[in-house]
$ cat query_8.cif   # mmCIF, C-alpha atoms and all ligand atoms
data_work
loop_
_atom_site.label_atom_id
_atom_site.label_comp_id
_atom_site.auth_asym_id
_atom_site.auth_seq_id
_atom_site.Cartn_x
_atom_site.Cartn_y
_atom_site.Cartn_z
CA MET A 1 -52.47 -36.07 56.46
CA HIS A 2 -50.65 -33.50 58.58
CA GLN A 3 -50.77 -29.99 57.09
CA SER A 4 -48.16 -27.41 58.11
CA PRO A 5 -49.83 -24.26 59.50
CA LYS A 6 -50.09 -21.33 57.09
CA GLN A 7 -47.25 -18.84 57.57
CA PRO A 8 -48.45 -15.42 58.77
CA ASP A 9 -48.24 -12.55 56.29
CA LEU A 10 -45.28 -10.33 57.21
CA SER A 11 -45.71 -7.85 54.35
CA VAL A 12 -46.13 -4.17 55.17
CA ASP A 13 -46.84 -1.02 53.22
CA ILE A 14 -44.66 2.04 53.79
CA ALA A 15 -46.56 4.91 52.18
CA GLY A 16 -47.29 2.88 49.06
CA VAL A 17 -44.01 0.94 48.92
CA LYS A 18 -44.77 -2.73 49.55
CA LEU A 19 -42.16 -4.63 51.57
CA ALA A 20 -42.09 -8.45 51.90
CA ASN A 21 -41.37 -7.97 55.61
CA PRO A 22 -40.75 -4.91 57.83
CA LEU A 23 -37.00 -5.46 58.33
CA MET A 24 -34.40 -3.11 56.91
CA THR A 25 -30.91 -1.87 57.64
CA ALA A 26 -30.46 1.31 59.67
CA SER A 27 -28.65 4.06 57.77
CA GLY A 28 -24.87 4.06 58.17
CA THR A 29 -24.56 0.61 59.68
CA CYS A 30 -24.52 -1.57 56.57
CA GLY A 31 -22.48 0.46 54.09
CA TYR A 32 -23.73 0.02 50.54
CA ALA A 33 -24.64 -3.68 50.95
CA ASP A 34 -21.56 -5.39 49.41
CA GLU A 35 -19.67 -5.13 52.70
CA TYR A 36 -22.16 -7.58 54.27
CA ALA A 37 -22.49 -9.97 51.32
CA ASP A 38 -20.49 -12.74 53.03
CA PHE A 39 -22.38 -12.54 56.32
CA VAL A 40 -26.10 -12.31 55.62
CA ASP A 41 -28.43 -12.69 52.65
CA LEU A 42 -29.72 -9.13 52.53
CA ARG A 43 -32.17 -10.07 49.76
CA GLN A 44 -34.35 -11.55 52.48
CA LEU A 45 -34.93 -8.14 54.06
CA GLY A 46 -37.90 -5.91 53.31
CA ALA A 47 -35.78 -2.95 52.15
CA PHE A 48 -32.22 -1.62 52.21
CA VAL A 49 -31.40 1.79 53.70
CA THR A 50 -28.09 3.39 52.69
CA LYS A 51 -25.59 5.47 54.60
CA SER A 52 -26.25 9.24 54.41
CA ILE A 53 -25.33 10.55 50.97
CA THR A 54 -24.16 14.14 50.48
CA VAL A 55 -23.55 16.09 47.26
CA SER A 56 -19.75 15.92 47.64
CA PRO A 57 -17.70 13.04 49.09
CA ARG A 58 -16.84 13.38 52.81
CA THR A 59 -14.00 11.76 54.72
CA GLY A 60 -15.78 12.32 58.02
CA ASN A 61 -14.35 13.13 61.46
CA GLU A 62 -10.90 12.41 62.89
CA TYR A 63 -10.27 9.04 64.61
CA PRO A 64 -11.18 7.68 67.12
CA ARG A 65 -14.75 8.01 65.97
CA ILE A 66 -16.34 4.95 67.59
CA VAL A 67 -16.29 3.83 71.22
CA GLU A 68 -18.09 0.94 72.88
CA THR A 69 -20.06 1.82 75.98
CA ARG A 70 -22.11 -0.48 78.22
CA ALA A 71 -24.91 -2.05 76.13
CA SER A 72 -24.40 0.62 73.48
CA MET A 73 -21.88 2.50 71.38
CA LEU A 74 -21.04 6.10 70.61
CA ASN A 75 -20.17 7.11 67.06
CA ALA A 76 -18.99 10.33 65.50
CA ILE A 77 -18.39 9.16 61.95
CA GLY A 78 -19.24 12.61 60.59
CA LEU A 79 -21.24 11.49 57.54
CA ALA A 80 -18.26 9.94 55.74
CA ASN A 81 -19.57 8.86 52.34
CA VAL A 82 -18.59 8.54 48.68
CA GLY A 83 -20.69 11.51 47.52
CA LEU A 84 -23.55 11.61 45.04
CA ASP A 85 -21.69 10.91 41.76
CA ALA A 86 -19.80 7.85 43.02
CA PHE A 87 -22.96 6.64 44.75
CA LEU A 88 -24.89 6.75 41.48
CA GLY A 89 -22.04 5.33 39.37
CA GLU A 90 -20.58 2.65 41.67
CA LYS A 91 -22.99 1.83 44.46
CA ILE A 92 -26.37 1.82 42.74
CA PRO A 93 -25.38 -1.13 40.44
CA GLN A 94 -24.43 -3.05 43.59
CA LEU A 95 -27.75 -2.20 45.27
CA GLU A 96 -29.74 -3.22 42.17
CA LYS A 97 -28.52 -6.79 42.68
CA LEU A 98 -30.47 -7.02 45.93
CA HIS A 99 -33.83 -6.76 44.12
CA LEU A 100 -35.19 -4.82 47.09
CA PRO A 101 -36.70 -1.36 47.43
CA VAL A 102 -33.84 0.97 48.39
CA PHE A 103 -34.31 3.98 50.65
CA VAL A 104 -31.46 6.47 50.34
CA ASN A 105 -30.61 8.53 53.40
CA VAL A 106 -29.84 12.11 52.36
CA ALA A 107 -27.81 14.68 54.30
CA GLY A 108 -26.38 18.15 53.74
CA THR A 109 -25.73 21.51 55.28
CA THR A 110 -28.00 23.64 53.13
CA ILE A 111 -31.50 22.95 51.82
CA GLU A 112 -30.12 23.25 48.26
CA ASP A 113 -27.68 20.38 48.95
CA TYR A 114 -30.47 18.09 50.08
CA VAL A 115 -32.66 19.00 47.13
CA ALA A 116 -29.83 18.33 44.65
CA VAL A 117 -29.37 14.78 45.98
CA ALA A 118 -33.12 14.10 46.13
CA GLU A 119 -33.62 15.32 42.55
CA ALA A 120 -30.83 13.07 41.24
CA LEU A 121 -32.42 10.08 43.01
CA GLU A 122 -35.66 10.64 41.09
CA GLN A 123 -33.87 9.18 38.03
CA VAL A 124 -32.97 5.87 39.70
CA SER A 125 -35.63 3.18 39.55
CA VAL A 126 -34.33 0.92 42.34
CA VAL A 127 -34.58 3.86 44.73
CA ARG A 128 -38.11 4.03 46.14
CA GLY A 129 -37.66 6.51 48.95
CA VAL A 130 -35.56 9.33 50.36
CA GLU A 131 -34.85 9.25 54.08
CA LEU A 132 -34.22 12.83 55.12
CA ASN A 133 -31.54 13.01 57.83
CA ILE A 134 -32.30 16.28 59.62
CA SER A 135 -29.69 15.71 62.33
CA CYS A 136 -27.24 17.91 60.40
CA PRO A 137 -26.26 21.51 61.10
CA ASN A 138 -27.80 24.05 58.75
CA VAL A 139 -24.88 26.33 57.94
CA LYS A 140 -27.16 29.08 56.68
CA ALA A 141 -29.01 29.27 60.00
CA GLY A 142 -25.75 29.55 61.94
CA GLY A 143 -25.15 25.87 62.63
CA ILE A 144 -28.46 25.03 64.30
CA GLN A 145 -29.61 21.51 63.43
CA PHE A 146 -32.60 21.19 61.09
CA GLY A 147 -33.91 18.46 63.38
CA VAL A 148 -34.22 20.44 66.59
CA ASP A 149 -36.23 23.40 65.33
CA PRO A 150 -39.80 22.64 64.11
CA ASP A 151 -39.87 25.59 61.69
CA LEU A 152 -36.56 24.63 60.06
CA ALA A 153 -37.61 20.97 59.95
CA ALA A 154 -40.88 21.93 58.23
CA LYS A 155 -39.01 24.16 55.77
CA ILE A 156 -36.60 21.45 54.63
CA THR A 157 -39.41 18.85 54.52
CA ALA A 158 -41.46 21.11 52.25
CA ALA A 159 -38.47 21.62 49.92
CA LEU A 160 -37.86 17.87 49.71
CA ARG A 161 -41.58 17.23 49.29
CA ALA A 162 -41.44 19.27 46.08
CA ALA A 163 -38.31 17.41 44.89
CA CYS A 164 -39.63 13.87 45.60
CA LYS A 165 -42.23 12.86 43.05
CA LYS A 166 -41.53 9.20 42.31
CA ASN A 167 -39.82 8.56 45.64
CA ILE A 168 -41.57 8.59 48.98
CA LEU A 169 -40.28 11.06 51.56
CA ILE A 170 -39.33 9.60 54.93
CA VAL A 171 -38.25 12.12 57.57
CA LYS A 172 -35.84 10.76 60.19
CA LEU A 173 -36.42 12.35 63.57
CA SER A 174 -33.77 13.24 66.13
CA PRO A 175 -34.44 12.26 69.75
CA ASN A 176 -32.38 15.23 70.97
CA VAL A 177 -35.42 17.48 71.37
CA THR A 178 -37.81 18.45 74.17
CA ASP A 179 -40.92 17.12 72.43
CA ILE A 180 -40.49 14.72 69.52
CA ALA A 181 -44.27 14.75 68.83
CA GLU A 182 -44.03 18.48 68.05
CA MET A 183 -41.28 17.76 65.50
CA ALA A 184 -43.31 14.90 64.02
CA ALA A 185 -46.39 17.11 63.67
CA ALA A 186 -44.33 19.83 61.94
CA VAL A 187 -42.87 17.49 59.30
CA VAL A 188 -46.13 15.60 58.71
CA GLU A 189 -47.88 18.93 58.16
CA ALA A 190 -45.11 19.86 55.69
CA GLY A 191 -45.66 16.70 53.64
CA ALA A 192 -43.68 13.75 55.06
CA ASP A 193 -45.03 10.42 53.73
CA ALA A 194 -43.42 8.43 56.55
CA LEU A 195 -41.34 8.99 59.69
CA SER A 196 -38.28 7.10 60.86
CA MET A 197 -37.09 7.25 64.42
CA ILE A 198 -34.92 7.43 66.35
CA ASN A 199 -31.56 8.77 65.27
CA THR A 200 -28.80 8.58 67.89
CA LEU A 201 -28.84 10.36 71.27
CA THR A 202 -25.97 12.79 71.84
CA GLY A 203 -23.49 11.48 74.40
CA MET A 204 -19.88 11.67 75.60
CA ALA A 205 -17.33 9.22 76.98
CA ILE A 206 -14.29 10.46 78.95
CA ASP A 207 -10.86 8.83 79.32
CA VAL A 208 -10.25 9.51 83.01
CA GLU A 209 -6.45 9.03 82.73
CA THR A 210 -5.94 11.61 80.01
CA ARG A 211 -8.98 13.66 81.17
CA ARG A 212 -9.99 14.04 77.56
CA PRO A 213 -13.05 12.86 75.61
CA VAL A 214 -12.48 9.43 74.04
CA LEU A 215 -13.85 10.56 70.67
CA ALA A 216 -11.79 13.03 68.65
CA ASN A 217 -15.05 14.88 68.02
CA ALA A 218 -15.66 15.01 71.82
CA THR A 219 -19.33 14.01 71.48
CA GLY A 220 -21.00 11.23 69.53
CA GLY A 221 -24.34 9.56 68.91
CA LEU A 222 -25.45 6.79 71.27
CA SER A 223 -27.08 3.69 69.75
CA GLY A 224 -27.68 0.04 70.58
CA PRO A 225 -29.69 -1.85 73.23
CA ALA A 226 -29.34 0.89 75.87
CA VAL A 227 -31.44 3.34 73.83
CA ARG A 228 -34.30 0.93 73.12
CA PRO A 229 -36.70 2.04 75.89
CA VAL A 230 -36.23 5.66 74.80
CA ALA A 231 -37.03 4.75 71.20
CA VAL A 232 -40.08 2.66 72.17
CA HIS A 233 -41.46 5.48 74.29
CA MET A 234 -40.89 8.08 71.58
CA ILE A 235 -42.53 5.89 68.92
CA HIS A 236 -45.55 5.31 71.14
CA ARG A 237 -45.81 9.05 71.73
CA VAL A 238 -45.52 10.01 68.05
CA TYR A 239 -47.86 7.19 66.94
CA SER A 240 -50.60 8.04 69.42
CA GLN A 241 -50.36 11.83 69.08
CA VAL A 242 -49.55 12.36 65.39
CA ALA A 243 -48.92 9.42 63.06
CA LYS A 244 -52.01 7.27 63.66
CA LYS A 245 -54.53 9.98 62.86
CA ALA A 246 -52.47 11.27 59.92
CA ASN A 247 -52.11 7.68 58.62
CA VAL A 248 -48.33 8.15 58.33
CA PRO A 249 -46.28 4.96 58.88
CA ILE A 250 -43.33 4.91 61.28
CA ILE A 251 -40.08 3.04 60.66
CA GLY A 252 -38.80 2.25 64.16
CA MET A 253 -35.17 1.81 65.19
CA GLY A 254 -32.97 2.11 68.26
CA GLY A 255 -31.50 -0.98 69.90
CA ILE A 256 -33.44 -3.69 68.07
CA GLN A 257 -31.52 -6.96 68.40
CA TYR A 258 -33.99 -9.77 69.15
CA PRO A 259 -37.56 -10.61 68.03
CA ARG A 260 -38.97 -9.47 71.37
CA ASP A 261 -37.38 -6.01 70.87
CA ALA A 262 -38.92 -5.72 67.41
CA LEU A 263 -42.33 -6.74 68.76
CA GLU A 264 -42.18 -3.88 71.29
CA PHE A 265 -41.69 -1.46 68.39
CA LEU A 266 -44.58 -2.95 66.42
CA LEU A 267 -46.96 -2.82 69.38
CA ALA A 268 -45.90 0.79 70.08
CA GLY A 269 -46.90 1.75 66.52
CA ALA A 270 -43.96 1.08 64.14
CA THR A 271 -44.77 -0.44 60.73
CA GLY A 272 -41.15 -0.80 59.55
CA LEU A 273 -38.17 -1.95 61.64
CA ALA A 274 -34.55 -0.95 61.07
CA VAL A 275 -31.59 -2.70 62.70
CA GLY A 276 -28.24 -0.92 63.10
CA THR A 277 -25.80 -1.48 65.94
CA ALA A 278 -26.88 -5.13 66.42
CA LEU A 279 -25.56 -5.88 62.90
CA PHE A 280 -22.03 -5.31 64.22
CA VAL A 281 -22.55 -8.15 66.71
CA ASP A 282 -24.45 -10.54 64.43
CA PRO A 283 -25.25 -9.46 60.86
CA ALA A 284 -27.73 -12.34 60.49
CA CYS A 285 -29.80 -11.23 63.49
CA VAL A 286 -32.23 -9.45 61.13
CA LEU A 287 -33.36 -12.79 59.73
CA GLY A 288 -33.78 -14.23 63.23
CA ILE A 289 -35.89 -11.21 64.12
CA ARG A 290 -38.08 -11.76 61.05
CA ASP A 291 -38.59 -15.44 61.90
CA GLY A 292 -39.25 -14.66 65.56
CA ILE A 293 -42.01 -12.21 64.61
CA ALA A 294 -43.63 -14.88 62.42
CA GLU A 295 -43.47 -17.36 65.32
CA TYR A 296 -45.13 -14.83 67.66
CA LEU A 297 -47.93 -14.13 65.17
CA THR A 298 -48.61 -17.84 64.77
CA ARG A 299 -48.62 -18.38 68.55
CA HIS A 300 -51.08 -15.48 68.99
CA HIS A 301 -53.26 -16.61 66.05
CA HIS A 302 -52.68 -13.57 63.83
CA ALA A 303 -52.80 -14.02 60.06
CA SER A 304 -50.97 -10.74 59.36
CA ILE A 305 -48.39 -8.54 61.05
CA ASN A 306 -50.70 -5.57 60.44
CA GLU A 307 -53.06 -6.95 63.10
CA ILE A 308 -50.62 -6.12 65.90
CA ILE A 309 -49.22 -2.72 64.83
CA GLY A 310 -50.09 -0.04 67.39
CA THR A 311 -52.08 -2.42 69.59
CA LEU A 312 -50.33 -1.46 72.83
CA GLU A 313 -52.84 -0.97 75.63
CA VAL A 314 -51.91 1.70 78.13
CA GLY A 315 -53.73 2.24 81.43
C1 LIG B 401 -21.81 3.66 63.02
C2 LIG B 401 -23.12 4.34 62.81
C3 LIG B 401 -23.27 5.18 61.69
C4 LIG B 401 -24.51 5.83 61.47
N1 LIG B 401 -24.63 6.63 60.38
C5 LIG B 401 -25.83 7.24 60.12
C6 LIG B 401 -26.00 8.03 58.96
O1 LIG B 401 -25.11 8.17 58.11
N2 LIG B 401 -27.22 8.65 58.79
C7 LIG B 401 -28.25 8.49 59.67
O2 LIG B 401 -29.34 9.07 59.46
N3 LIG B 401 -28.12 7.70 60.77
C8 LIG B 401 -26.93 7.08 61.02
N4 LIG B 401 -26.80 6.28 62.13
C9 LIG B 401 -27.95 6.09 63.05
C10 LIG B 401 -28.68 4.77 62.77
O3 LIG B 401 -29.21 4.74 61.46
C11 LIG B 401 -29.83 4.54 63.81
O4 LIG B 401 -30.76 5.61 63.71
C12 LIG B 401 -29.33 4.47 65.23
O5 LIG B 401 -28.05 3.87 65.31
C13 LIG B 401 -30.30 3.69 66.17
O6 LIG B 401 -30.44 2.34 65.76
P1 LIG B 401 -29.56 1.13 66.38
O7 LIG B 401 -29.59 1.25 67.87
O8 LIG B 401 -30.21 -0.13 65.87
O9 LIG B 401 -28.17 1.29 65.85
C14 LIG B 401 -25.59 5.62 62.38
C15 LIG B 401 -25.42 4.78 63.48
C16 LIG B 401 -24.21 4.12 63.70
C17 LIG B 401 -24.08 3.20 64.90
#

$ encode --input "query_8.cif" --output "structure tokens"
Amino acid sequence: MHQSPKQPDLSVDIAGVKLANPLMTASGTCGYADEYADFVDLRQLGAFVTKSITVSPRTGNEYPRIVETRASMLNAIGLANVGLDAFLGEKIPQLEKLHLPVFVNVAGTTIEDYVAVAEALEQVSVVRGVELNISCPNVKAGGIQFGVDPDLAAKITAALRAACKKNILIVKLSPNVTDIAEMAAAVVEAGADALSMINTLTGMAIDVETRRPVLANATGGLSGPAVRPVAVHMIHRVYSQVAKKANVPIIGMGGIQYPRDALEFLLAGATGLAVGTALFVDPACVLGIRDGIAEYLTRHHHASINEIIGTLEVG
């Protein structure tokens, strides 16, 4: 009798949080889950990552705050979100219905803001991790971003480390730095359980007729397929120089749209995979990516996804 081949094991472990598969939403691109309910069965993902949450609600930047560019997009949403209280009261019940581990992206302008959100999330059982968005200006240090200065990044990571007891601490790295491995080393040393990368690359689009920036905010963050090679390179660099020896998993993102893209991230050293901009084109692409990874593993005779993580051969 014909027996169907055994399906490869897609489960991964992100610093002690077990995921059925590595796929998750990228912060800010999938709202609080309900928005996508009609388009894709999010319960089939490995985890759900929320939009950045701040202590107080934020309306975000002036419009226009999104512009399409070739093979990518620029956004300057400005961390628009419902704020901590409404998140806990209205959005958490919605997220509980997914029956998935939830990672909550946390933002703020002072270390105290971040700590307040992280402490409140300790009381919520569906939340399994805090994703620290350090691409925000620290008002107390004169507007410099936490994510571009290794000392500031280490300081905020250490503060969040103390606040996160139940939840794992994932630090989301900005690519807008000279050496991302230096930033990774600083936050790992300060206690990060996992890294996620990359956040968007700062960019600008100009309307040549009006001679003004297209975005009201002038600059925005670039994401989508165009940034993928940058993300893959940065993940390879951080994995080989910092994360592998520290045994700190990386959640990779930046332009993942197809299975082959995701496989590049896995080979470069990512354990988790987040999909953002591609959801705007096809919300169900995450499930196609998951199935395509399984097909690749079967074709290459691997029983588990863990057998290919970080197996890139260079030179
Ligand atoms: C519209 C939009 C909103 C985003 N909002 C956030 C956010 O609130 N917090 C955050 O850490 N990253 C945010 N990001 C960055 C994404 O989570 C992700 O790091 C980046 O877009 C790269 O992945 P992608 O190319 O798959 O979109 C946002 C990206 C987009 C496109």

$ closest_atom_pairs --input "query_8.cif" --of "chain A" --to "ligand LIG 401 (chain B)" --cutoff "7 Å" --atoms "only C-alpha atoms and all ligand atoms" --output "tab-separated table"
residue	atom	partner	partner_atom	distance
A:Ala26	CA	B:LIG401	O3	4.1
A:Ser27	CA	B:LIG401	O3	3.8
A:Gly28	CA	B:LIG401	N1	3.4
A:Thr29	CA	B:LIG401	C2	5.1
A:Lys51	CA	B:LIG401	O1	4.5
A:Ser52	CA	B:LIG401	O1	4.0
A:Met73	CA	B:LIG401	C17	6.9
A:Asn75	CA	B:LIG401	C1	5.6
A:Ile77	CA	B:LIG401	C3	6.3
A:Leu79	CA	B:LIG401	O1	5.1
A:Asn105	CA	B:LIG401	O2	6.2
A:Asn133	CA	B:LIG401	O2	4.8
A:Lys172	CA	B:LIG401	O2	6.8
A:Met197	CA	B:LIG401	O4	6.6
A:Ile198	CA	B:LIG401	O4	5.3
A:Asn199	CA	B:LIG401	O4	3.6
A:Thr200	CA	B:LIG401	C12	4.9
A:Ser223	CA	B:LIG401	O7	4.0
A:Gly224	CA	B:LIG401	O7	3.5
A:Pro225	CA	B:LIG401	O7	6.2
A:Val227	CA	B:LIG401	O7	6.6
A:Met253	CA	B:LIG401	O6	4.8
A:Gly254	CA	B:LIG401	O7	3.5
A:Gly255	CA	B:LIG401	O7	3.6
A:Ile256	CA	B:LIG401	O8	5.3
A:Ala274	CA	B:LIG401	O8	6.5
A:Val275	CA	B:LIG401	O8	4.3
A:Gly276	CA	B:LIG401	O8	3.5
A:Thr277	CA	B:LIG401	O9	3.6
A:Ala278	CA	B:LIG401	O8	6.0

$ closest_residue --input "query_8.cif" --among "A:Cys285, A:Ser240, A:Leu267, A:Ile250" --to "Glu307 of chain A" --atoms "all atoms listed in the file"
A:Leu267

$ closest_residue --input "query_8.cif" --among "A:Gln257, A:Met204, A:Ala268, A:Cys136" --to "Ala218 of chain A" --atoms "only C-alpha atoms"
A:Met204

$ closest_residue --input "query_8.cif" --among "A:Ile144, A:Val115, A:Leu169, A:Ala153" --to "Glu131 of chain A" --atoms "all atoms listed in the file"
A:Leu169

$ residues_near_point --input "query_8.cif" --point "(-15.2, 9.8, 76.2)" --cutoff "10 Å" --atoms "only C-alpha atoms" --output "list in words"
Ile66, Val67, Glu68, Thr69, Leu74, Gly203, Met204, Ala205, Ile206, Asp207, Val208, Arg211, Arg212, Pro213, Val214, Leu215, Ala216, Asn217, Ala218, Thr219 and Gly220 of chain A

$ residues_around --input "query_8.cif" --residues "Ile308 of chain A" --least-positions-apart "6" --cutoff "10 Å" --atoms "all atoms listed in the file" --output "list in words"
Leu263, Leu266, Leu267, Ala268, Gly269, Ala270, Thr271, Leu297, His300 and His302 of chain A

$ closest_residue --input "query_8.cif" --among "A:Ala163, A:Val281, A:Ala33, A:Leu312" --to "Ile235 of chain A" --atoms "all atoms listed in the file"
A:Leu312

$ residues_around --input "query_8.cif" --residues "segment 42-46 of chain A" --least-positions-apart "3" --cutoff "6 Å" --atoms "all atoms listed in the file" --output "ChimeraX atom specification"
/A:19-24,98

$ closest_residue --input "query_8.cif" --among "A:Arg161, A:Lys166, A:His99, A:Lys91" --to "Gly191 of chain A" --atoms "only C-alpha atoms"
A:Arg161

$ atom_distance --input "query_8.cif" --atom1 "atom CA of Ala154 of chain A" --atom2 "atom CA of Gly272 of chain A"
22.8 Å

$ residues_around --input "query_8.cif" --residues "Val117 of chain A" --least-positions-apart "5" --cutoff "10 Å" --atoms "all atoms listed in the file" --output "PDB file with C-alpha atoms, in the frame of the given file"
ATOM      1  CA  ILE A  53     -25.330  10.550  50.970  1.00  0.00           C
ATOM      2  CA  THR A  54     -24.160  14.140  50.480  1.00  0.00           C
ATOM      3  CA  VAL A  55     -23.550  16.090  47.260  1.00  0.00           C
ATOM      4  CA  SER A  56     -19.750  15.920  47.640  1.00  0.00           C
ATOM      5  CA  GLY A  83     -20.690  11.510  47.520  1.00  0.00           C
ATOM      6  CA  LEU A  84     -23.550  11.610  45.040  1.00  0.00           C
ATOM      7  CA  ASP A  85     -21.690  10.910  41.760  1.00  0.00           C
ATOM      8  CA  VAL A 104     -31.460   6.470  50.340  1.00  0.00           C
ATOM      9  CA  ASN A 105     -30.610   8.530  53.400  1.00  0.00           C
ATOM     10  CA  VAL A 106     -29.840  12.110  52.360  1.00  0.00           C
ATOM     11  CA  ALA A 107     -27.810  14.680  54.300  1.00  0.00           C
ATOM     12  CA  GLY A 108     -26.380  18.150  53.740  1.00  0.00           C
ATOM     13  CA  GLU A 112     -30.120  23.250  48.260  1.00  0.00           C
ATOM     14  CA  GLU A 122     -35.660  10.640  41.090  1.00  0.00           C
ATOM     15  CA  VAL A 130     -35.560   9.330  50.360  1.00  0.00           C
ATOM     16  CA  LEU A 160     -37.860  17.870  49.710  1.00  0.00           C
ATOM     17  CA  ALA A 163     -38.310  17.410  44.890  1.00  0.00           C
TER      18      ALA A 163
END
